[in-house]
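Novice: For reference, this is entry.cif, and it has mmCIF, C-alpha atoms.
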```cif
data_upload
loop_
_atom_site.label_atom_id
_atom_site.label_comp_id
_atom_site.auth_asym_id
_atom_site.auth_seq_id
_atom_site.Cartn_x
_atom_site.Cartn_y
_atom_site.Cartn_z
CA MET K 8 -196.88 126.02 6.58
CA ASN K 9 -199.37 123.83 8.43
CA ILE K 10 -201.98 121.91 6.43
CA THR K 11 -205.48 123.25 7.09
CA THR K 12 -207.43 121.89 4.13
CA VAL K 13 -207.71 118.52 2.41
CA LEU K 14 -209.00 118.16 -1.16
CA PHE K 15 -210.30 114.82 -2.41
CA ASP K 16 -210.89 113.39 -5.83
CA LEU K 17 -214.11 111.35 -6.03
CA ASP K 18 -214.14 108.76 -8.82
CA GLY K 19 -211.64 106.02 -8.02
CA THR K 20 -210.71 107.69 -4.73
CA LEU K 21 -213.65 108.08 -2.35
CA LEU K 22 -215.85 106.13 -4.76
CA PRO K 23 -214.10 102.93 -5.93
CA MET K 24 -214.59 102.18 -9.59
CA ASP K 25 -213.05 100.93 -12.77
CA PHE K 26 -213.17 104.05 -14.91
CA ASP K 27 -213.79 102.27 -18.23
CA THR K 28 -216.62 100.21 -16.76
CA PHE K 29 -218.19 103.32 -15.27
CA VAL K 30 -217.96 105.24 -18.55
CA GLY K 31 -219.43 102.31 -20.47
CA ALA K 32 -222.45 102.08 -18.17
CA TYR K 33 -222.91 105.85 -18.19
CA PHE K 34 -222.89 106.16 -21.98
CA LYS K 35 -225.14 103.14 -22.44
CA GLY K 36 -227.68 104.72 -20.13
CA ILE K 37 -227.65 108.23 -21.54
CA ALA K 38 -227.74 106.98 -25.14
CA ALA K 39 -230.79 104.83 -24.39
CA LYS K 40 -232.49 107.73 -22.62
CA LEU K 41 -232.06 110.22 -25.45
CA ALA K 42 -232.44 107.95 -28.49
CA PRO K 43 -236.26 108.38 -28.53
CA TYR K 44 -235.74 112.14 -28.89
CA GLY K 45 -233.74 111.81 -32.11
CA TYR K 46 -230.21 111.52 -30.74
CA GLU K 47 -228.46 108.74 -32.62
CA PRO K 48 -226.42 106.91 -29.93
CA LYS K 49 -223.02 106.79 -31.63
CA LYS K 50 -223.10 110.48 -32.57
CA LEU K 51 -224.37 111.48 -29.14
CA ILE K 52 -221.59 109.61 -27.34
CA GLN K 53 -218.97 111.09 -29.66
CA THR K 54 -220.37 114.58 -29.07
CA ILE K 55 -220.36 114.18 -25.28
CA TRP K 56 -216.74 112.96 -25.44
CA GLN K 57 -215.79 115.96 -27.55
CA GLY K 58 -217.71 118.26 -25.22
CA THR K 59 -215.79 116.79 -22.32
CA GLU K 60 -212.51 117.63 -24.08
CA VAL K 61 -213.77 121.20 -24.49
CA MET K 62 -214.38 121.41 -20.74
CA ILE K 63 -210.96 119.97 -19.95
CA LYS K 64 -209.36 122.66 -22.12
CA ASN K 65 -211.55 125.46 -20.75
CA ASN K 66 -209.59 128.54 -19.67
CA GLY K 67 -211.88 129.97 -17.02
CA GLU K 68 -213.53 132.62 -19.17
CA LYS K 69 -216.82 130.73 -18.93
CA THR K 70 -218.11 127.90 -16.78
CA ASN K 71 -217.65 124.34 -17.94
CA GLU K 72 -221.42 124.15 -18.29
CA GLU K 73 -221.40 127.06 -20.74
CA ALA K 74 -218.44 125.59 -22.62
CA PHE K 75 -220.12 122.19 -22.93
CA TRP K 76 -223.47 123.47 -24.13
CA GLU K 77 -221.91 125.89 -26.61
CA PHE K 78 -220.11 122.95 -28.18
CA PHE K 79 -223.15 120.66 -27.98
CA CYS K 80 -225.30 123.23 -29.74
CA SER K 81 -222.64 123.76 -32.39
CA VAL K 82 -223.25 120.12 -33.32
CA TYR K 83 -227.01 119.84 -32.84
CA GLY K 84 -228.19 123.43 -33.22
CA GLN K 85 -229.35 125.98 -30.65
CA GLU K 86 -232.67 124.19 -30.24
CA ALA K 87 -230.79 121.35 -28.53
CA ARG K 88 -230.43 123.46 -25.36
CA LYS K 89 -234.17 122.96 -24.85
CA ASP K 90 -233.41 119.28 -24.28
CA GLU K 91 -231.32 119.98 -21.18
CA PRO K 92 -234.22 118.90 -18.90
CA LYS K 93 -234.08 115.47 -20.57
CA PHE K 94 -230.44 115.17 -19.50
CA GLU K 95 -231.38 116.24 -15.97
CA GLU K 96 -234.15 113.63 -15.91
CA PHE K 97 -231.58 110.99 -16.90
CA TYR K 98 -229.36 111.93 -13.96
CA LYS K 99 -232.34 111.76 -11.60
CA THR K 100 -233.44 108.33 -12.81
CA GLU K 101 -231.47 105.99 -15.09
CA PHE K 102 -228.07 107.35 -14.03
CA GLN K 103 -228.73 105.94 -10.56
CA ASN K 104 -228.37 102.45 -12.04
CA VAL K 105 -224.70 103.18 -12.76
CA LYS K 106 -224.09 102.85 -9.03
CA SER K 107 -224.18 99.07 -9.56
CA VAL K 108 -220.85 99.13 -11.42
CA CYS K 109 -219.15 101.17 -8.70
CA GLY K 110 -217.67 99.82 -5.51
CA PHE K 111 -217.99 101.00 -1.94
CA ASP K 112 -215.38 101.53 0.73
CA GLU K 113 -216.41 102.42 4.27
CA ASN K 114 -212.98 104.01 4.71
CA ALA K 115 -214.18 106.97 2.63
CA LYS K 116 -216.54 108.04 5.40
CA LYS K 117 -213.96 107.11 8.03
CA VAL K 118 -211.28 109.40 6.61
CA ILE K 119 -213.66 112.35 6.22
CA ARG K 120 -214.83 111.91 9.81
CA LEU K 121 -211.21 111.71 10.99
CA LEU K 122 -210.34 114.97 9.27
CA LYS K 123 -213.36 116.74 10.74
CA GLU K 124 -212.33 115.54 14.20
CA LYS K 125 -208.89 117.02 13.61
CA GLY K 126 -210.41 120.35 12.65
CA ALA K 127 -209.42 120.20 8.99
CA ARG K 128 -211.41 121.78 6.20
CA VAL K 129 -212.52 119.31 3.53
CA ALA K 130 -213.36 119.97 -0.12
CA LEU K 131 -214.15 117.77 -3.09
CA ALA K 132 -211.93 118.38 -6.13
CA THR K 133 -213.63 115.99 -8.52
CA ASN K 134 -213.11 116.80 -12.19
CA PRO K 135 -216.00 119.22 -12.89
CA ILE K 136 -217.32 117.70 -16.09
CA PHE K 137 -220.66 116.61 -14.59
CA PRO K 138 -223.65 118.68 -13.45
CA SER K 139 -224.21 119.03 -9.73
CA ILE K 140 -227.06 116.50 -9.72
CA ALA K 141 -224.70 113.79 -11.00
CA THR K 142 -221.87 114.75 -8.64
CA GLU K 143 -224.19 114.79 -5.63
CA SER K 144 -225.42 111.32 -6.55
CA ARG K 145 -221.88 109.95 -6.79
CA ILE K 146 -221.03 111.51 -3.43
CA ARG K 147 -223.94 109.61 -1.90
CA TRP K 148 -222.90 106.37 -3.64
CA ALA K 149 -219.65 106.73 -1.69
CA GLY K 150 -221.62 106.80 1.57
CA LEU K 151 -221.19 110.54 2.06
CA GLU K 152 -223.33 113.64 1.74
CA PRO K 153 -222.66 116.81 -0.25
CA GLU K 154 -222.75 118.69 3.06
CA ASP K 155 -219.65 116.78 4.18
CA PHE K 156 -217.62 119.08 1.91
CA GLU K 157 -217.12 122.80 2.21
CA ILE K 158 -217.26 122.99 -1.57
CA TYR K 159 -217.51 120.45 -4.37
CA THR K 160 -216.75 121.30 -7.96
CA THR K 161 -219.29 120.73 -10.72
CA TYR K 162 -219.57 121.93 -14.29
CA GLU K 163 -221.83 124.78 -13.14
CA ASN K 164 -219.46 126.41 -10.66
CA ILE K 165 -216.00 126.43 -12.23
CA GLY K 166 -214.36 127.12 -15.58
CA TYR K 167 -211.33 124.84 -15.38
CA SER K 168 -210.69 121.11 -15.15
CA ASN K 169 -207.77 119.00 -14.10
CA PRO K 170 -204.98 118.47 -14.99
CA ASN K 171 -204.86 122.25 -15.44
CA PRO K 172 -203.15 123.66 -12.31
CA GLU K 173 -205.50 126.66 -12.56
CA TYR K 174 -208.29 124.30 -11.52
CA TYR K 175 -206.65 123.75 -8.15
CA LEU K 176 -205.78 127.43 -7.80
CA GLU K 177 -209.42 128.33 -8.39
CA ILE K 178 -210.45 125.95 -5.60
CA THR K 179 -207.98 127.57 -3.21
CA ARG K 180 -209.34 130.98 -4.16
CA LYS K 181 -212.87 129.83 -3.45
CA LEU K 182 -211.75 128.48 -0.07
CA GLY K 183 -209.57 131.48 0.74
CA VAL K 184 -206.49 129.37 1.43
CA LYS K 185 -202.97 129.12 0.01
CA PRO K 186 -201.94 126.03 -1.96
CA GLU K 187 -199.25 125.36 0.65
CA GLU K 188 -202.01 124.86 3.23
CA CYS K 189 -203.59 122.05 1.23
CA LEU K 190 -203.29 118.30 0.80
CA MET K 191 -204.70 116.77 -2.41
CA VAL K 192 -205.72 113.12 -2.31
CA GLY K 193 -206.44 111.28 -5.55
CA ASN K 194 -205.89 108.08 -7.52
CA ASP K 195 -204.88 109.53 -10.91
CA VAL K 196 -201.22 110.41 -11.29
CA ALA K 197 -201.71 112.83 -14.19
CA ASP K 198 -204.88 114.55 -13.02
CA ASP K 199 -204.47 114.68 -9.25
CA MET K 200 -200.76 114.81 -8.53
CA VAL K 201 -200.38 117.94 -10.67
CA ALA K 202 -201.47 119.81 -7.54
CA ALA K 203 -197.94 119.28 -6.22
CA LEU K 204 -196.69 121.79 -8.80
CA LEU K 205 -198.50 124.50 -6.87
CA GLY K 206 -196.87 123.60 -3.57
CA MET K 207 -199.69 121.41 -2.30
CA LYS K 208 -198.89 118.23 -0.47
CA VAL K 209 -200.29 115.21 -2.29
CA PHE K 210 -201.18 111.62 -1.49
CA LEU K 211 -201.71 109.06 -4.25
CA LEU K 212 -204.38 106.53 -3.27
CA THR K 213 -203.42 103.29 -5.02
CA ASP K 214 -206.54 101.13 -4.56
CA ASN K 215 -207.85 102.19 -7.98
CA LEU K 216 -204.64 103.62 -9.39
CA ILE K 217 -204.61 105.34 -12.79
CA ASN K 218 -201.10 105.86 -14.11
CA LYS K 219 -201.35 106.13 -17.89
CA THR K 220 -197.83 107.48 -18.31
CA GLY K 221 -196.12 104.87 -16.15
CA THR K 222 -194.75 107.48 -13.77
CA ASP K 223 -192.59 106.27 -10.89
CA ILE K 224 -195.14 106.72 -8.11
CA SER K 225 -192.52 106.40 -5.38
CA ILE K 226 -191.96 110.15 -5.81
CA TYR K 227 -195.33 110.68 -4.09
CA PRO K 228 -196.60 109.59 -0.68
CA ASN K 229 -198.86 106.71 -1.69
CA GLY K 230 -200.73 103.64 -0.56
CA ASN K 231 -204.16 102.31 0.37
CA PHE K 232 -206.67 103.87 2.75
CA ASP K 233 -204.83 102.50 5.79
CA LYS K 234 -201.67 104.27 4.61
CA LEU K 235 -203.67 107.46 3.95
CA ILE K 236 -205.13 107.43 7.45
CA GLU K 237 -201.66 106.89 8.89
CA TYR K 238 -200.35 109.77 6.77
CA ILE K 239 -203.13 112.08 7.97
CA ASP K 240 -202.55 111.11 11.60
CA ASN K 241 -198.91 112.10 11.25
CA LEU K 242 -199.78 115.29 9.37
CA PHE K 243 -202.24 116.57 11.96
CA ILE K 244 -200.41 115.72 15.17
#
```
Please lay out the structure from this file as structure tokens.

Specialist:
Amino acid sequence: MNITTVLFDLDGTLLPMDFDTFVGAYFKGIAAKLAPYGYEPKKLIQTIWQGTEVMIKNNGEKTNEEAFWEFFCSVYGQEARKDEPKFEEFYKTEFQNVKSVCGFDENAKKVIRLLKEKGARVALATNPIFPSIATESRIRWAGLEPEDFEIYTTYENIGYSNPNPEYYLEITRKLGVKPEECLMVGNDVADDMVAALLGMKVFLLTDNLINKTGTDISIYPNGNFDKLIEYIDNLFI
């Protein structure tokens, strides 16, 4: 079956970053933002981590947003939901400073433009553990626009996360395509390459490789952006 649709991870793929550095800057910023409202930083960070785990284990019966806030309120009480605008304000303002710890690669825009020229559909399969405002910001940090993607997953619009294969199936359902029509491009062996189990083609971008299990990556097409562009050229002849 011919490939019609290409899915991209964002963090570490289209947006270069060291994940631990990014997470450190993110938590430092959100803890400082919310401390004046009574959120002790250490507890807040632990709660957000635990809420993230809840989203990763979500089974699709509710959105990741609903799953996160149910857990958050189980820790802080139902009144905590009223503080959601404070989180949104953080993403509009202080979160933008986190861009400084991320890299930039002009090849991200180049590869998206190449795919559009070839008539491919393009979607963003970034782990949907952030609200749309944060995801849209990170898209722009990569030199792209949200409109460059037919869909992009956020915690508001999906009830799964990777590495659950159902996450990728839900994306294909939203797009109205079969997994066999798709190519998934990402930098995380465990999270992104799981798409291959569904019959998707995959490409492992190695510039910011995450391979926590030490998997032999030679089993996947892999390489830097130059290799990816070469792979796409051969795929869409």

Novice: (-223.0, 123.9, -19.7) in this file's frame - what residues fall within 12 Å of it? Use only C-alpha atoms and give the answer as a PyMOL selection string.

Specialist: chain K and resi 55+58-59+61-62+65+69-80+88+91+94-95+135-139+161-166

Novice: Which polymer residues have any atom within 9 Å of an atom of Thr179 in chain K, counting only C-alpha atoms, with same-chain residues fewer than 6 positions away left out, as a CSV table (one decimal) with C-alpha atoms, keeping the file's coordinate frame?

Specialist:
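Produced file part-v2.csv, reproduced below:
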```csv
chain,number,residue,atom,x,y,z
K,185,LYS,CA,-203.0,129.1,0.0
K,186,PRO,CA,-201.9,126.0,-2.0
K,189,CYS,CA,-203.6,122.0,1.2
```

Novice: Which residue, K:Lys208, K:Lys219, K:Arg147, K:Lys93, has the smallest gap to Leu190 in chain K when you use all atoms listed in the file?

Specialist: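 Closest candidate: K:Lys208.
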
Novice: Rounded to one decimal place, report the CA of Asn169 in chain K-CA of Glu47 in chain K distance in Å.

Specialist: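 Atom-to-atom, CA of Asn169 in chain K and CA of Glu47 in chain K are spaced 29.6 Å apart.
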
Novice: What does the structure give for the distance between CA of Glu188 in chain K and CA of Ala132 in chain K, in Å to one decimal?

Specialist: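 Answer for the CA of Glu188 in chain K to CA of Ala132 in chain K separation: 15.1 Å.
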
Novice: Just checking: using all atoms listed in the file, which residue out of K:Leu242, K:Glu60, K:Asp199, K:Val118 ends up closest to Tyr227 in chain K?

Specialist: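 Comparing K:Leu242, K:Glu60, K:Asp199, K:Val118 against Tyr227 in chain K, the winner is K:Asp199.
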
Novice: Please provide as a short mmCIF file (atom, residue, chain, number, x, y, z; two decimals) with C-alpha atoms, in the coordinates of the input all residues within 10 Å of Asn114 in chain K, with the sequence filter that same-chain residues fewer than 4 positions apart are discarded (counting all atoms listed in the file).

Specialist:
```cif
data_model
loop_
_atom_site.label_atom_id
_atom_site.label_comp_id
_atom_site.auth_asym_id
_atom_site.auth_seq_id
_atom_site.Cartn_x
_atom_site.Cartn_y
_atom_site.Cartn_z
CA LEU K 21 -213.65 108.08 -2.35
CA VAL K 118 -211.28 109.40 6.61
CA ILE K 119 -213.66 112.35 6.22
CA ARG K 120 -214.83 111.91 9.81
CA ALA K 149 -219.65 106.73 -1.69
CA GLY K 150 -221.62 106.80 1.57
CA ASN K 231 -204.16 102.31 0.37
CA PHE K 232 -206.67 103.87 2.75
CA ASP K 233 -204.83 102.50 5.79
CA LEU K 235 -203.67 107.46 3.95
CA ILE K 236 -205.13 107.43 7.45
#
```

Novice: To test your reading of the syntax: which residues would the PyMOL selection byres ((chain K and resi 239) around 12) return for the file shown? Reply as a ChimeraX atom specification.

Specialist: /K:10-13,117-127,190-192,208-210,228-229,232-238,240-244

Novice: Once you have the residues from the selection above, write them out as a compact mmCIF listing (two decimals), in the coordinates of the input, restricted to C-alpha atoms.

Specialist:
```txt
# COMPACT_ATOMS: atom_id res chain seq x y z
CA ILE K 10 -201.98 121.91 6.43
CA THR K 11 -205.48 123.25 7.09
CA THR K 12 -207.43 121.89 4.13
CA VAL K 13 -207.71 118.52 2.41
CA LYS K 117 -213.96 107.11 8.03
CA VAL K 118 -211.28 109.40 6.61
CA ILE K 119 -213.66 112.35 6.22
CA ARG K 120 -214.83 111.91 9.81
CA LEU K 121 -211.21 111.71 10.99
CA LEU K 122 -210.34 114.97 9.27
CA LYS K 123 -213.36 116.74 10.74
CA GLU K 124 -212.33 115.54 14.20
CA LYS K 125 -208.89 117.02 13.61
CA GLY K 126 -210.41 120.35 12.65
CA ALA K 127 -209.42 120.20 8.99
CA LEU K 190 -203.29 118.30 0.80
CA MET K 191 -204.70 116.77 -2.41
CA VAL K 192 -205.72 113.12 -2.31
CA LYS K 208 -198.89 118.23 -0.47
CA VAL K 209 -200.29 115.21 -2.29
CA PHE K 210 -201.18 111.62 -1.49
CA PRO K 228 -196.60 109.59 -0.68
CA ASN K 229 -198.86 106.71 -1.69
CA PHE K 232 -206.67 103.87 2.75
CA ASP K 233 -204.83 102.50 5.79
CA LYS K 234 -201.67 104.27 4.61
CA LEU K 235 -203.67 107.46 3.95
CA ILE K 236 -205.13 107.43 7.45
CA GLU K 237 -201.66 106.89 8.89
CA TYR K 238 -200.35 109.77 6.77
CA ASP K 240 -202.55 111.11 11.60
CA ASN K 241 -198.91 112.10 11.25
CA LEU K 242 -199.78 115.29 9.37
CA PHE K 243 -202.24 116.57 11.96
CA ILE K 244 -200.41 115.72 15.17
```

Novice: What is the CA of Leu216 in chain K-CA of Asp195 in chain K distance in Å, reported with one decimal?

Specialist: 6.1 Å

Novice: Using the chain letters and numbers from the file, give me the residues hit by the PyMOL selection byres ((chain K and resi 39) around 12), as a list in words.

Specialist: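 Expected selection for the PyMOL selection byres ((chain K and resi 39) around 12) here is Ala32, Tyr33, Phe34, Lys35, Gly36, Ile37, Ala38, Lys40, Leu41, Ala42, Pro43, Tyr44, Gly45, Tyr46, Glu47, Pro48, Lys49, Leu51, Ile52, Lys93, Phe94, Phe97, Glu101 and Phe102 of chain K.
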
Novice: Please list, as an NGL selection string, the residues that have an atom at most 10 Å away from (-224.0, 102.7, -7.8) in the coordinates of this file, counting all atoms listed in the file.

Specialist: :K and (22 or 24 or 29 or 102-111 or 144-145 or 147-149)

Novice: K:Leu176, K:Thr213, K:Tyr167, K:Trp56: which is nearest Ser225 in chain K, counting only C-alpha atoms?

Specialist: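 Checking each candidate against Ser225 in chain K, we get K:Thr213 as the closest.
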
Novice: Check the smallest atom-to-atom distance from each of K:Asn66, K:Asp198, K:Thr222, K:Ala141 to Glu177 in chain K using all atoms listed in the file, then report the winner.

Specialist: K:Asn66

Novice: Kindly provide, as AutoDock Vina command-line options, the centre and edge lengths (Å, one decimal) of an axis-aligned box around all atoms of range 175-180 of chain K given in the file, with 5 Å on each side.

Specialist:
```
--center_x -208.1 --center_y 127.4 --center_z -5.8 --size_x 14.7 --size_y 17.2 --size_z 15.2
```

Novice: Which polymer residues have any atom within 10 Å of an atom of Thr133 in chain K, counting all atoms listed in the file, with same-chain residues fewer than 6 positions away left out, as a list of chain:residue names?

Specialist: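 Contacts, with the query itself left out: K:Leu14, K:Phe15, K:Asp16, K:Leu17, K:Asp18, K:Thr20, K:Thr142, K:Tyr159, K:Thr160, K:Thr161, K:Ser168, K:Asn169, K:Gly193, K:Asp198, K:Asp199.
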
Novice: Is it possible to add N, CA and C atoms to range 165-183 of chain K and hand it back as a PDB file, keeping the file's coordinate frame?

Specialist:
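Output (out.pdb):
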```pdb
ATOM      1  N   ILE K 165    -217.419 126.195 -11.983  1.00  0.00           N
ATOM      2  CA  ILE K 165    -216.000 126.430 -12.230  1.00  0.00           C
ATOM      3  C   ILE K 165    -215.723 126.366 -13.735  1.00  0.00           C
ATOM      4  N   GLY K 166    -214.663 127.039 -14.153  1.00  0.00           N
ATOM      5  CA  GLY K 166    -214.360 127.120 -15.580  1.00  0.00           C
ATOM      6  C   GLY K 166    -213.032 126.492 -15.959  1.00  0.00           C
ATOM      7  N   TYR K 167    -212.552 125.597 -15.098  1.00  0.00           N
ATOM      8  CA  TYR K 167    -211.330 124.840 -15.380  1.00  0.00           C
ATOM      9  C   TYR K 167    -211.594 123.373 -15.079  1.00  0.00           C
ATOM     10  N   SER K 168    -210.662 122.528 -15.502  1.00  0.00           N
ATOM     11  CA  SER K 168    -210.690 121.110 -15.150  1.00  0.00           C
ATOM     12  C   SER K 168    -209.265 120.666 -14.871  1.00  0.00           C
ATOM     13  N   ASN K 169    -209.120 119.514 -14.200  1.00  0.00           N
ATOM     14  CA  ASN K 169    -207.770 119.000 -14.100  1.00  0.00           C
ATOM     15  C   ASN K 169    -207.431 118.241 -15.394  1.00  0.00           C
ATOM     16  N   PRO K 170    -206.169 118.178 -15.787  1.00  0.00           N
ATOM     17  CA  PRO K 170    -204.980 118.470 -14.990  1.00  0.00           C
ATOM     18  C   PRO K 170    -204.467 119.898 -15.070  1.00  0.00           C
ATOM     19  N   ASN K 171    -205.290 120.858 -15.409  1.00  0.00           N
ATOM     20  CA  ASN K 171    -204.860 122.250 -15.440  1.00  0.00           C
ATOM     21  C   ASN K 171    -204.619 122.731 -14.007  1.00  0.00           C
ATOM     22  N   PRO K 172    -203.408 123.175 -13.670  1.00  0.00           N
ATOM     23  CA  PRO K 172    -203.150 123.660 -12.310  1.00  0.00           C
ATOM     24  C   PRO K 172    -204.075 124.805 -11.894  1.00  0.00           C
ATOM     25  N   GLU K 173    -204.575 125.565 -12.890  1.00  0.00           N
ATOM     26  CA  GLU K 173    -205.500 126.660 -12.560  1.00  0.00           C
ATOM     27  C   GLU K 173    -206.771 126.144 -11.900  1.00  0.00           C
ATOM     28  N   TYR K 174    -207.121 124.898 -12.174  1.00  0.00           N
ATOM     29  CA  TYR K 174    -208.290 124.300 -11.520  1.00  0.00           C
ATOM     30  C   TYR K 174    -208.095 124.284 -10.011  1.00  0.00           C
ATOM     31  N   TYR K 175    -206.928 123.821  -9.584  1.00  0.00           N
ATOM     32  CA  TYR K 175    -206.650 123.750  -8.150  1.00  0.00           C
ATOM     33  C   TYR K 175    -206.489 125.135  -7.539  1.00  0.00           C
ATOM     34  N   LEU K 176    -205.899 126.066  -8.299  1.00  0.00           N
ATOM     35  CA  LEU K 176    -205.780 127.430  -7.800  1.00  0.00           C
ATOM     36  C   LEU K 176    -207.153 128.061  -7.604  1.00  0.00           C
ATOM     37  N   GLU K 177    -208.073 127.782  -8.524  1.00  0.00           N
ATOM     38  CA  GLU K 177    -209.420 128.330  -8.390  1.00  0.00           C
ATOM     39  C   GLU K 177    -210.100 127.785  -7.139  1.00  0.00           C
ATOM     40  N   ILE K 178    -209.874 126.521  -6.827  1.00  0.00           N
ATOM     41  CA  ILE K 178    -210.450 125.950  -5.600  1.00  0.00           C
ATOM     42  C   ILE K 178    -209.881 126.646  -4.376  1.00  0.00           C
ATOM     43  N   THR K 179    -208.571 126.881  -4.376  1.00  0.00           N
ATOM     44  CA  THR K 179    -207.980 127.570  -3.210  1.00  0.00           C
ATOM     45  C   THR K 179    -208.520 128.981  -3.095  1.00  0.00           C
ATOM     46  N   ARG K 180    -208.761 129.636  -4.220  1.00  0.00           N
ATOM     47  CA  ARG K 180    -209.340 130.980  -4.160  1.00  0.00           C
ATOM     48  C   ARG K 180    -210.740 130.945  -3.577  1.00  0.00           C
ATOM     49  N   LYS K 181    -211.513 129.951  -3.987  1.00  0.00           N
ATOM     50  CA  LYS K 181    -212.870 129.830  -3.450  1.00  0.00           C
ATOM     51  C   LYS K 181    -212.855 129.572  -1.944  1.00  0.00           C
ATOM     52  N   LEU K 182    -211.860 128.821  -1.493  1.00  0.00           N
ATOM     53  CA  LEU K 182    -211.750 128.480  -0.070  1.00  0.00           C
ATOM     54  C   LEU K 182    -211.044 129.560   0.732  1.00  0.00           C
ATOM     55  N   GLY K 183    -210.324 130.447   0.047  1.00  0.00           N
ATOM     56  CA  GLY K 183    -209.570 131.480   0.740  1.00  0.00           C
ATOM     57  C   GLY K 183    -208.342 130.937   1.452  1.00  0.00           C
TER      58      GLY K 183
END
```
